[in-house]
$ cat data37.cif   # mmCIF, C-alpha atoms and all ligand atoms
data_input
loop_
_atom_site.label_atom_id
_atom_site.label_comp_id
_atom_site.auth_asym_id
_atom_site.auth_seq_id
_atom_site.Cartn_x
_atom_site.Cartn_y
_atom_site.Cartn_z
CA MET A 1 -41.84 -60.81 106.83
CA SER A 2 -45.49 -61.42 105.98
CA LYS A 3 -46.78 -64.97 105.72
CA ARG A 4 -47.50 -64.55 102.03
CA LYS A 5 -44.05 -63.22 101.31
CA ARG A 6 -42.46 -66.07 103.24
CA GLN A 7 -44.53 -68.56 101.25
CA GLU A 8 -43.41 -66.96 97.99
CA GLU A 9 -39.81 -67.17 99.14
CA GLU A 10 -40.15 -70.79 100.19
CA LYS A 11 -41.70 -71.58 96.84
CA TYR A 12 -38.76 -69.96 95.07
CA ILE A 13 -36.29 -72.03 97.09
CA THR A 14 -38.29 -75.17 96.32
CA ILE A 15 -38.32 -74.32 92.60
CA GLY A 16 -34.53 -73.93 92.71
CA ARG A 17 -34.05 -77.27 94.44
CA PHE A 18 -36.50 -78.90 92.06
CA TYR A 19 -34.69 -77.72 88.92
CA ASP A 20 -31.34 -78.81 90.39
CA LYS A 21 -32.57 -82.38 90.33
CA ILE A 22 -33.52 -82.50 86.66
CA ILE A 23 -31.23 -83.39 83.82
CA PRO A 24 -31.31 -80.44 81.36
CA PRO A 25 -32.25 -79.25 78.78
CA PHE A 26 -35.68 -78.05 79.86
CA ASN A 27 -37.22 -78.43 76.48
CA LYS A 28 -41.01 -78.38 76.26
CA SER A 29 -41.29 -81.51 74.12
CA LYS A 30 -38.52 -83.65 75.65
CA CYS A 31 -38.80 -85.57 78.89
CA TRP A 32 -37.27 -83.96 81.96
CA ILE A 33 -35.61 -86.87 83.69
CA TRP A 34 -35.29 -86.84 87.47
CA ARG A 35 -31.67 -87.46 88.37
CA GLU A 36 -32.10 -89.10 91.74
CA VAL A 37 -32.80 -92.68 92.72
CA PRO A 38 -36.42 -93.57 91.88
CA THR A 39 -38.92 -95.21 94.22
CA SER A 40 -39.67 -98.90 93.81
CA GLY A 41 -42.62 -97.79 91.66
CA GLY A 42 -40.22 -96.02 89.31
CA TYR A 43 -41.18 -92.43 90.21
CA GLY A 44 -38.86 -89.59 91.21
CA ILE A 45 -39.14 -88.43 94.78
CA PHE A 46 -38.63 -85.04 96.44
CA SER A 47 -38.29 -84.25 100.11
CA LEU A 48 -40.37 -81.26 101.17
CA ASN A 49 -40.75 -80.09 104.79
CA GLY A 50 -39.71 -83.51 106.05
CA LYS A 51 -42.20 -85.33 103.84
CA SER A 52 -41.66 -87.23 100.62
CA ILE A 53 -43.64 -86.16 97.61
CA PRO A 54 -43.53 -87.77 94.15
CA ALA A 55 -41.47 -85.48 91.91
CA HIS A 56 -44.02 -85.38 89.07
CA ARG A 57 -46.76 -84.32 91.51
CA LEU A 58 -44.52 -81.56 92.85
CA SER A 59 -43.89 -80.45 89.28
CA TRP A 60 -47.64 -80.13 88.77
CA ILE A 61 -48.07 -78.11 91.96
CA LEU A 62 -45.19 -75.75 91.11
CA HIS A 63 -46.41 -75.10 87.58
CA PHE A 64 -50.19 -75.34 87.80
CA GLY A 65 -51.16 -75.21 91.49
CA GLU A 66 -52.63 -77.55 94.08
CA ILE A 67 -53.94 -81.00 93.09
CA PRO A 68 -57.54 -81.71 94.09
CA THR A 69 -58.08 -84.64 96.48
CA GLY A 70 -58.31 -88.01 94.78
CA ILE A 71 -56.71 -86.79 91.58
CA GLU A 72 -53.73 -88.60 90.10
CA ILE A 73 -51.11 -86.91 87.98
CA LEU A 74 -50.50 -89.07 84.91
CA HIS A 75 -47.84 -89.08 82.22
CA SER A 76 -48.71 -88.69 78.54
CA CYS A 77 -45.13 -89.80 77.72
CA ASP A 78 -45.29 -93.02 79.77
CA THR A 79 -42.01 -92.12 81.47
CA ARG A 80 -42.42 -92.26 85.22
CA LEU A 81 -39.20 -90.39 85.93
CA CYS A 82 -40.29 -87.49 83.72
CA VAL A 83 -41.31 -84.26 85.48
CA ASN A 84 -41.92 -82.10 82.41
CA PRO A 85 -45.19 -80.28 83.29
CA TYR A 86 -46.25 -80.42 79.64
CA HIS A 87 -46.18 -84.24 79.80
CA LEU A 88 -48.48 -84.40 82.80
CA PHE A 89 -52.25 -84.36 83.04
CA GLN A 90 -54.88 -84.96 85.68
CA GLY A 91 -56.85 -88.18 86.00
CA THR A 92 -58.33 -90.51 88.60
CA GLN A 93 -56.92 -93.76 89.94
CA GLY A 94 -59.34 -95.59 87.64
CA ASP A 95 -58.05 -93.61 84.66
CA ASN A 96 -54.53 -94.67 85.53
CA VAL A 97 -55.46 -98.35 85.49
CA ARG A 98 -57.52 -98.02 82.30
CA ASP A 99 -54.74 -96.03 80.66
CA CYS A 100 -52.14 -98.73 81.39
CA THR A 101 -54.42 -101.47 80.12
CA LYS A 102 -55.39 -99.57 77.01
CA LYS A 103 -51.83 -98.60 76.14
CA LYS A 104 -50.70 -102.18 76.52
CA ARG A 105 -53.51 -103.34 74.27
CA ASN A 106 -53.63 -100.65 71.61
CA GLY A 107 -50.39 -98.76 71.83
CA LYS A 108 -50.70 -95.00 72.39
CA SER A 109 -54.12 -93.57 71.87
CA ARG A 110 -54.90 -90.00 70.98
CA GLY A 111 -57.72 -87.51 71.02
CA GLU A 112 -61.13 -88.77 71.94
CA ASP A 113 -59.99 -92.40 72.03
CA HIS A 114 -57.98 -91.51 75.08
CA PRO A 115 -59.87 -93.00 78.03
CA PHE A 116 -59.59 -89.98 80.32
CA SER A 117 -59.80 -87.38 77.64
CA LYS A 118 -62.11 -84.69 78.93
CA LEU A 119 -62.92 -83.19 75.57
CA LYS A 120 -65.19 -84.30 72.82
CA ASP A 121 -64.96 -83.33 69.17
CA GLU A 122 -67.65 -80.66 69.43
CA GLN A 123 -65.91 -79.12 72.43
CA ILE A 124 -62.67 -78.88 70.49
CA ALA A 125 -64.61 -77.10 67.74
CA LEU A 126 -65.93 -74.70 70.36
CA VAL A 127 -62.43 -73.99 71.70
CA VAL A 128 -61.28 -73.26 68.15
CA LYS A 129 -64.22 -70.96 67.43
CA ARG A 130 -63.86 -69.01 70.66
CA GLY A 131 -60.09 -68.84 70.28
CA GLN A 132 -60.47 -67.39 66.80
CA ASN A 133 -62.91 -64.83 68.17
CA GLY A 134 -60.06 -63.61 70.35
CA GLU A 135 -61.54 -64.70 73.66
CA LYS A 136 -59.19 -65.06 76.60
CA TYR A 137 -57.80 -68.58 77.05
CA LYS A 138 -58.60 -68.31 80.74
CA ASN A 139 -62.31 -67.79 80.06
CA ILE A 140 -62.56 -70.57 77.49
CA ALA A 141 -60.78 -72.91 79.90
CA ALA A 142 -63.08 -72.03 82.80
CA ASP A 143 -66.24 -72.61 80.74
CA LEU A 144 -65.08 -76.00 79.50
CA GLY A 145 -63.57 -77.13 82.78
CA ILE A 146 -60.09 -77.65 81.34
CA SER A 147 -56.76 -75.94 82.01
CA THR A 148 -55.61 -72.77 80.29
CA ILE A 149 -52.60 -74.74 79.13
CA SER A 150 -54.84 -77.27 77.37
CA VAL A 151 -56.62 -74.44 75.56
CA GLY A 152 -53.27 -72.99 74.49
CA ASP A 153 -52.09 -76.40 73.32
CA ILE A 154 -55.18 -76.88 71.18
CA LEU A 155 -54.97 -73.42 69.62
CA ARG A 156 -51.24 -73.68 68.98
CA GLY A 157 -51.68 -77.06 67.33
CA ASN A 158 -49.83 -79.03 70.01
CA SER A 159 -52.76 -81.29 70.70
CA TRP A 160 -55.85 -82.53 68.81
CA LYS A 161 -54.06 -81.68 65.60
CA HIS A 162 -55.95 -84.42 63.77
CA LEU A 163 -59.14 -82.41 64.38
CA THR A 164 -57.93 -78.83 64.10
CA GLY A 165 -55.41 -79.25 61.30
CA GLY A 166 -52.61 -77.54 63.26
CA VAL A 167 -52.06 -73.98 64.45
CA VAL A 168 -55.41 -72.26 64.84
CA VAL A 169 -54.58 -69.01 66.60
CA ARG A 170 -51.31 -67.16 66.56
CA ARG A 171 -49.93 -65.89 69.82
CA GLN A 172 -52.38 -63.70 71.74
CA ARG A 173 -50.18 -61.46 73.77
CA PRO A 174 -46.93 -59.80 72.77
CA ARG A 175 -43.91 -62.00 73.30
CA THR A 176 -41.95 -61.47 76.52
CA THR A 177 -38.55 -60.02 75.68
CA PRO A 178 -35.30 -61.26 77.31
CA GLU A 179 -34.85 -57.76 78.78
CA GLN A 180 -38.30 -57.87 80.31
CA PHE A 181 -37.61 -61.25 81.84
CA SER A 182 -34.21 -60.34 83.25
CA LEU A 183 -35.75 -57.26 84.81
CA ALA A 184 -38.49 -59.42 86.35
CA ARG A 185 -35.97 -61.94 87.63
CA GLY A 186 -33.89 -59.15 89.16
CA ILE A 187 -36.89 -57.78 91.05
CA PHE A 188 -37.85 -61.28 92.10
CA GLN A 189 -34.38 -62.09 93.41
CA LYS A 190 -34.31 -58.86 95.36
CA THR A 191 -37.81 -59.03 96.81
CA GLY A 192 -38.70 -62.74 96.67
CA ASN A 193 -42.08 -61.64 95.33
CA ILE A 194 -43.11 -63.19 92.02
CA SER A 195 -46.41 -61.31 91.77
CA GLU A 196 -44.71 -57.98 92.24
CA ALA A 197 -41.97 -58.82 89.71
CA CYS A 198 -44.55 -59.84 87.12
CA ARG A 199 -46.80 -56.85 87.78
CA VAL A 200 -44.02 -54.29 87.50
CA THR A 201 -42.63 -55.75 84.27
CA ASN A 202 -46.07 -56.55 82.85
CA ILE A 203 -45.43 -60.23 82.14
CA ASN A 204 -47.68 -63.00 83.30
CA ARG A 205 -46.66 -65.65 85.76
CA GLY A 206 -46.76 -68.44 83.18
CA SER A 207 -44.25 -66.57 80.99
CA PHE A 208 -42.08 -65.97 84.00
CA TYR A 209 -41.83 -69.69 84.81
CA TYR A 210 -41.41 -70.49 81.12
CA TRP A 211 -38.39 -68.18 80.94
CA LEU A 212 -37.05 -69.31 84.28
CA GLU A 213 -36.94 -72.86 82.93
CA ARG A 214 -34.87 -71.67 80.01
CA SER A 215 -32.55 -69.23 81.75
ZN ZN B 1 -42.00 -86.94 79.52
#
$ encode --input "data37.cif" --output "structure tokens"
Amino acid sequence: MSKRKRQEEEKYITIGRFYDKIIPPFNKSKCWIWREVPTSGGYGIFSLNGKSIPAHRLSWILHFGEIPTGIEILHSCDTRLCVNPYHLFQGTQGDNVRDCTKKKRNGKSRGEDHPFSKLKDEQIALVVKRGQNGEKYKNIAADLGISTISVGDILRGNSWKHLTGGVVVRRQRPRTTPEQFSLARGIFQKTGNISEACRVTNINRGSFYYWLERS
């Protein structure tokens, strides 16, 4: 077996173990609570290749990829045991401290008031404009130095709603059908190759994980 294929397979096994440790349902807006005993700091913990890794950090890696050095994964929901990828965002150690202090002082902040918010009002306007022009989320995200998921959240009205007024752009690509997904999952289970399964069935990786969470 090639190294890449083995890595894909290991990742699939890890994903399976990861989801076994979460209390369902895997709803995008609700917290996904880790079912095992937390660390003294209150975080979930996962054992991977003989090492312990905080469960919310693993969730980030599985859904979005590697975490750059020195970057903390923070919770927008303030629930340390939560591993819902949609409730996580990147920040620095300093952000974490400032966030705690600010939340204690002011309650939850939003939008630009948020201390580690990367975006400013005019950047949100730019995301909206480019989104409405039909540009790819990926390209907008790369230019602004934010994640594709953040761009999607803005354009779907899940974040910065007070600036955008709600849903700005309707879904870009055709919806993945249940048949398409079950075909992709079948190929994946047989071959252990996510890329191949997604390529053959013409669905993107994000949709595949999204459906996997709900299957
Ligand atoms: Zn949460």
$ residues_near_ligand --input "data37.cif" --ligand "ligand ZN 1 (chain B)" --cutoff "9 Å" --atoms "all atoms listed in the file" --output "PyMOL selection string"
chain A and resi 29-33+75-88
$ atom_distance --input "data37.cif" --atom1 "atom CA of Ser59 of chain A" --atom2 "atom CA of Val167 of chain A"
26.9 Å
$ atom_distance --input "data37.cif" --atom1 "atom CA of Val168 of chain A" --atom2 "atom CA of Leu144 of chain A"
18.0 Å
$ atom_distance --input "data37.cif" --atom1 "atom CA of Ser147 of chain A" --atom2 "atom CA of Phe64 of chain A"
8.8 Å
$ residues_around --input "data37.cif" --residues "segment 69-72 of chain A" --least-positions-apart "3" --cutoff "6 Å" --atoms "only C-alpha atoms" --output "list in words"
Gln90, Gly91 and Thr92 of chain A
$ residues_around --input "data37.cif" --residues "Glu36 of chain A" --least-positions-apart "6" --cutoff "8 Å" --atoms "all atoms listed in the file" --output "ChimeraX atom specification"
/A:21,44-45
$ write_last_selection --input "data37.cif" --atoms "C-alpha atoms" --output "PDB file, keeping the file's coordinate frame"
ATOM      1  CA  LYS A  21     -32.570 -82.380  90.330  1.00  0.00           C
ATOM      2  CA  GLY A  44     -38.860 -89.590  91.210  1.00  0.00           C
ATOM      3  CA  ILE A  45     -39.140 -88.430  94.780  1.00  0.00           C
TER       4      ILE A  45
END
$ closest_residue --input "data37.cif" --among "A:Trp211, A:Gly206, A:Gln7, A:Tyr137" --to "Ser182 of chain A" --atoms "only C-alpha atoms"
A:Trp211
$ residues_around --input "data37.cif" --residues "Phe181 of chain A" --least-positions-apart "2" --cutoff "9 Å" --atoms "all atoms listed in the file" --output "number ranges by chain"
A: 176-179, 183-186, 198, 201, 203, 207-208, 211-212
